[in-house]
Amino acid sequence: MIAFVLRRLVLMVPVFLVVSLVVFLIIHLVPGDPIDNLMRVGSTPAQRAQIEAKYGLDRSLAEQYLVWMGRLLTGDLGTAIIQRRPVAELIGQNLPYSLALGGLALAFSTLVGVAAGALAASFHRSWLDDGVTGLILLGSTVPGFWLGLLLILVFAVSLGWVPVSGARGWSSLILPVIAAGAGGIALVARVTRVAMIEASRQDFVLLLHAKGVPPWTIQLRHVLRHAMLPVVTVLGLRIGWILGGAVAIEYVFARPGLGSLLIRALNQRDYPLVQGCLLMLAMAVILGTLLGDIVQAAMDPRQREGRPS
């Protein structure tokens, strides 16, 4: 198991380098210049050149990338051009809000999704299966930001049950968690349903039925456990996706977090801050995939031994 984890960690190095290069190039190819937000009316070209030299923007893209990577390897994400504060400090202040929202949304989508998928698979080809499948299809097509606005209109504005926006206590997390996790429910339920239907056709299930094991025991203790491998893979990818998907949700609910910080930095063309936020979101996807692989290997020895499933 240790050798498997070490191999995965080594494979992360080239992936990280490619991701860092893509993140760096994306923000520098976007039209606009952060220096425009710092220049005062009547500033001279010499003053502009002085500011560009101060932040290293007068160098070539290759030089800027090498300098950024050198600082990144020492844990220095740079200094935000507009806010003039360390990027790591700004991310550290906003990251807990995103982690709270993302973690609760992931748990919500996992529990409800697995339960819905198991219910549909247990009553395969029945009206209940058709109903759950229809809800899955509906949930996968509804945009998270639209659902968030609808939830605000109904439960915050009309009924007044929860706060409209902000991060004041746990009650302010209810609607954002539902909006961020709704799409994941559809994905997890669909994967769980298909995996359980395929697992129920295996020979060991017929043997359990022949031994007289109760059907619900077979479904929950044996079939569901075998079906969790593809679900774990999806959940590993969802760890990074849900932080990225929370960008729009945080903006809709006016919550602090990486999403709000990233959107503000994009509007200001603050290169170091945008690069730091995007890199954090990309690392969440990479680490989520790694965690999914490790859990899969722990559940199925064939995965870590490189044998076909």
# chains A, B, ... in the order shown; residues from 1 in each chain; ligands from 1
call {"tool": "closest_atom_pairs", "arguments": {"of": "stretch 44-129 of chain A", "to": "stretch 252-256 of chain A", "cutoff": "12 Å", "atoms": "only C-alpha atoms", "output": "Markdown table"}}
result
| residue | atom | partner | partner_atom | distance |
| --- | --- | --- | --- | --- |
| A:Leu90 | CA | A:Pro256 | CA | 11.0 |
| A:Ile91 | CA | A:Pro256 | CA | 10.7 |
| A:Gly92 | CA | A:Pro256 | CA | 11.7 |
| A:Gln93 | CA | A:Pro256 | CA | 9.0 |
| A:Asn94 | CA | A:Pro256 | CA | 6.1 |
| A:Leu95 | CA | A:Pro256 | CA | 8.8 |
| A:Pro96 | CA | A:Pro256 | CA | 9.3 |
| A:Tyr97 | CA | A:Pro256 | CA | 6.4 |
| A:Ser98 | CA | A:Pro256 | CA | 7.8 |
| A:Leu99 | CA | A:Pro256 | CA | 11.2 |
| A:Ala100 | CA | A:Pro256 | CA | 11.1 |
| A:Leu101 | CA | A:Arg255 | CA | 9.8 |
call {"tool": "write_last_selection", "arguments": {"atoms": "C-alpha atoms", "output": "mmCIF file, in the first residue's frame"}}
result
data_model
loop_
_atom_site.group_PDB
_atom_site.id
_atom_site.type_symbol
_atom_site.label_atom_id
_atom_site.label_comp_id
_atom_site.auth_asym_id
_atom_site.auth_seq_id
_atom_site.Cartn_x
_atom_site.Cartn_y
_atom_site.Cartn_z
ATOM 1 C CA LEU A 90 -5.926 36.280 1.714
ATOM 2 C CA ILE A 91 -6.478 32.642 0.738
ATOM 3 C CA GLY A 92 -6.031 31.540 4.357
ATOM 4 C CA GLN A 93 -8.754 33.940 5.484
ATOM 5 C CA ASN A 94 -11.260 32.782 2.851
ATOM 6 C CA LEU A 95 -10.426 29.074 2.543
ATOM 7 C CA PRO A 96 -12.233 27.935 5.749
ATOM 8 C CA TYR A 97 -15.541 29.315 4.416
ATOM 9 C CA SER A 98 -15.126 27.399 1.142
ATOM 10 C CA LEU A 99 -14.076 24.219 2.953
ATOM 11 C CA ALA A 100 -17.111 24.396 5.238
ATOM 12 C CA LEU A 101 -19.479 24.886 2.306
#
call {"tool": "atom_distance", "arguments": {"atom1": "atom CA of A:Pro230", "atom2": "atom CA of A:Leu119"}}
result
17.2 Å
call {"tool": "residues_around", "arguments": {"residues": "stretch 260-271 of chain A", "least_positions_apart": "3", "cutoff": "8 Å", "atoms": "only C-alpha atoms", "output": "short mmCIF file (atom, residue, chain, number, x, y, z; two decimals) with N, CA, C and O atoms, in the first residue's frame"}}
result
data_model
loop_
_atom_site.label_atom_id
_atom_site.label_comp_id
_atom_site.auth_asym_id
_atom_site.auth_seq_id
_atom_site.Cartn_x
_atom_site.Cartn_y
_atom_site.Cartn_z
N ILE A 27 -4.32 33.35 -17.03
CA ILE A 27 -4.56 34.69 -16.51
C ILE A 27 -3.80 35.74 -17.30
O ILE A 27 -4.26 36.86 -17.47
N HIS A 28 -2.63 35.40 -17.84
CA HIS A 28 -1.85 36.38 -18.59
C HIS A 28 -2.37 36.56 -20.01
O HIS A 28 -2.02 37.55 -20.67
N GLY A 32 -6.74 42.83 -20.45
CA GLY A 32 -6.75 43.69 -19.29
C GLY A 32 -5.40 43.73 -18.61
O GLY A 32 -4.52 42.89 -18.87
N ASP A 33 -5.22 44.70 -17.74
CA ASP A 33 -3.94 44.90 -17.08
C ASP A 33 -4.22 45.40 -15.66
O ASP A 33 -4.94 46.38 -15.47
N PRO A 34 -3.64 44.74 -14.63
CA PRO A 34 -3.87 45.21 -13.26
C PRO A 34 -3.30 46.58 -12.99
O PRO A 34 -3.74 47.28 -12.08
N ASN A 37 -5.62 49.66 -12.82
CA ASN A 37 -6.36 49.97 -11.60
C ASN A 37 -5.52 50.74 -10.59
O ASN A 37 -6.06 51.26 -9.60
N ALA A 80 -0.68 40.29 -3.53
CA ALA A 80 -1.77 40.81 -4.37
C ALA A 80 -1.45 42.24 -4.79
O ALA A 80 -1.06 43.08 -3.96
N ILE A 81 -1.61 42.51 -6.09
CA ILE A 81 -1.25 43.82 -6.62
C ILE A 81 -2.21 44.90 -6.14
O ILE A 81 -1.78 45.99 -5.75
N ILE A 82 -3.50 44.62 -6.15
CA ILE A 82 -4.50 45.63 -5.79
C ILE A 82 -4.63 45.76 -4.28
O ILE A 82 -4.58 46.87 -3.73
N ASN A 94 -10.04 33.16 3.56
CA ASN A 94 -11.26 32.78 2.85
C ASN A 94 -11.44 31.28 2.70
O ASN A 94 -12.57 30.81 2.50
N VAL A 247 -17.82 28.46 -6.48
CA VAL A 247 -17.50 29.84 -6.87
C VAL A 247 -18.78 30.62 -7.16
O VAL A 247 -19.02 31.70 -6.62
N GLU A 250 -21.11 30.85 -3.94
CA GLU A 250 -20.66 31.88 -2.99
C GLU A 250 -21.01 33.28 -3.49
O GLU A 250 -21.37 34.15 -2.70
N TYR A 251 -20.92 33.47 -4.78
CA TYR A 251 -21.24 34.79 -5.34
C TYR A 251 -22.75 35.07 -5.23
O TYR A 251 -23.15 36.18 -4.88
N ALA A 254 -23.54 35.76 -1.65
CA ALA A 254 -22.69 36.82 -1.08
C ALA A 254 -21.91 36.31 0.13
O ALA A 254 -21.83 36.97 1.17
N ARG A 255 -21.35 35.10 0.00
CA ARG A 255 -20.58 34.50 1.08
C ARG A 255 -19.10 34.76 0.87
O ARG A 255 -18.62 34.78 -0.27
N PRO A 256 -18.32 34.94 1.93
CA PRO A 256 -16.87 34.97 1.77
C PRO A 256 -16.36 33.59 1.39
O PRO A 256 -16.99 32.58 1.71
N GLY A 257 -15.23 33.53 0.72
CA GLY A 257 -14.66 32.26 0.30
C GLY A 257 -13.78 32.45 -0.91
O GLY A 257 -13.60 33.56 -1.42
N VAL A 274 -5.29 35.83 -8.58
CA VAL A 274 -6.02 34.90 -9.44
C VAL A 274 -5.24 33.59 -9.58
O VAL A 274 -5.81 32.49 -9.50
N GLN A 275 -3.93 33.69 -9.79
CA GLN A 275 -3.10 32.49 -9.92
C GLN A 275 -3.15 31.66 -8.65
O GLN A 275 -3.25 30.43 -8.70
N CYS A 277 -5.59 31.55 -6.34
CA CYS A 277 -6.92 30.94 -6.19
C CYS A 277 -7.11 29.77 -7.15
O CYS A 277 -7.60 28.70 -6.75
N LEU A 278 -6.73 29.97 -8.41
CA LEU A 278 -6.88 28.89 -9.40
C LEU A 278 -6.00 27.70 -9.05
O LEU A 278 -6.41 26.55 -9.24
#
call {"tool": "residues_around", "arguments": {"residues": "A:Leu153", "least_positions_apart": "3", "cutoff": "12 Å", "atoms": "only C-alpha atoms", "output": "list of chain:residue names"}}
result
A:Trp146, A:Leu147, A:Gly148, A:Leu149, A:Leu150, A:Ala156, A:Val157, A:Ser158, A:Leu159, A:Gly160, A:Trp161, A:Val162, A:Pro163, A:Val164, A:Ser165, A:Leu175, A:Val252, A:Phe253
call {"tool": "residues_around", "arguments": {"residues": "A:Pro215", "least_positions_apart": "4", "cutoff": "12 Å", "atoms": "only C-alpha atoms", "output": "list in words"}}
result
Ser122, Phe123, Ser200, Val205, Leu206, Leu207, Leu208, His209, Ala210, Lys211, Gln219, Leu220, Arg221, His222 and Val223 of chain A
call {"tool": "closest_residue", "arguments": {"among": "A:Ile286, A:Leu128, A:Leu9, A:Ala116", "to": "A:Thr192", "atoms": "only C-alpha atoms"}}
result
A:Ala116
call {"tool": "residues_around", "arguments": {"residues": "A:Leu291", "least_positions_apart": "5", "cutoff": "10 Å", "atoms": "only C-alpha atoms", "output": "PyMOL selection string"}}
result
chain A and resi 5+8+232-233+235-237+239+285-286+296-297
call {"tool": "write_last_selection", "arguments": {"atoms": "C-alpha atoms", "output": "mmCIF file, in the first residue's frame"}}
result
data_model
loop_
_atom_site.group_PDB
_atom_site.id
_atom_site.type_symbol
_atom_site.label_atom_id
_atom_site.label_comp_id
_atom_site.auth_asym_id
_atom_site.auth_seq_id
_atom_site.Cartn_x
_atom_site.Cartn_y
_atom_site.Cartn_z
ATOM 1 C CA VAL A 5 0.792 5.794 -2.470
ATOM 2 C CA ARG A 8 0.733 8.190 -7.019
ATOM 3 C CA VAL A 232 -15.606 6.462 -4.510
ATOM 4 C CA THR A 233 -13.976 7.448 -7.809
ATOM 5 C CA LEU A 235 -16.505 11.340 -4.946
ATOM 6 C CA GLY A 236 -12.754 11.843 -5.335
ATOM 7 C CA LEU A 237 -13.345 13.992 -8.402
ATOM 8 C CA ILE A 239 -13.900 17.027 -3.893
ATOM 9 C CA VAL A 285 -8.971 18.334 -7.851
ATOM 10 C CA ILE A 286 -5.547 16.637 -7.846
ATOM 11 C CA GLN A 296 -10.152 2.508 -3.901
ATOM 12 C CA ALA A 297 -6.872 0.677 -3.349
#
call {"tool": "closest_residue", "arguments": {"among": "A:Ala186, A:Thr110, A:Trp170, A:Leu290", "to": "A:Leu135", "atoms": "only C-alpha atoms"}}
result
A:Ala186
call {"tool": "residues_around", "arguments": {"residues": "A:Gly181", "least_positions_apart": "5", "cutoff": "12 Å", "atoms": "only C-alpha atoms", "output": "number ranges by chain"}}
result
A: 101-113, 139-140, 142-145, 147-148, 173-176, 186-188, 235, 238-239, 241-243, 245-246, 249
call {"tool": "select_by_dssp", "arguments": {"residues": "stretch 6-221 of chain A", "states": "alpha helix (DSSP H)", "output": "JSON, numbers by chain"}}
result
{"A": [6, 7, 8, 9, 10, 11, 12, 13, 14, 15, 16, 17, 18, 19, 20, 21, 22, 23, 24, 25, 26, 27, 28, 29, 45, 46, 47, 48, 49, 50, 51, 52, 53, 54, 61, 62, 63, 64, 65, 66, 67, 68, 69, 70, 71, 72, 73, 87, 88, 89, 90, 91, 92, 93, 94, 95, 96, 97, 98, 99, 100, 101, 102, 103, 104, 105, 106, 107, 108, 109, 110, 111, 112, 113, 114, 115, 116, 117, 118, 119, 120, 121, 122, 127, 128, 129, 130, 131, 132, 133, 134, 135, 136, 137, 138, 139, 140, 141, 144, 145, 146, 147, 148, 149, 150, 151, 174, 175, 176, 177, 178, 179, 180, 181, 182, 183, 184, 185, 186, 187, 188, 189, 190, 191, 192, 193, 194, 195, 196, 197, 198, 199, 203, 204, 205, 206, 207, 208, 209, 210, 215, 216, 217]}
call {"tool": "atom_distance", "arguments": {"atom1": "atom CA of A:Gln64", "atom2": "atom CA of A:Pro45"}}
result
21.4 Å
call {"tool": "closest_residue", "arguments": {"among": "A:Phe24, A:Arg7, A:Ala49, A:Gly292", "to": "A:Ala62", "atoms": "only C-alpha atoms"}}
result
A:Phe24
call {"tool": "atom_distance", "arguments": {"atom1": "atom CA of A:Ser20", "atom2": "atom CA of A:Ala282"}}
result
8.7 Å
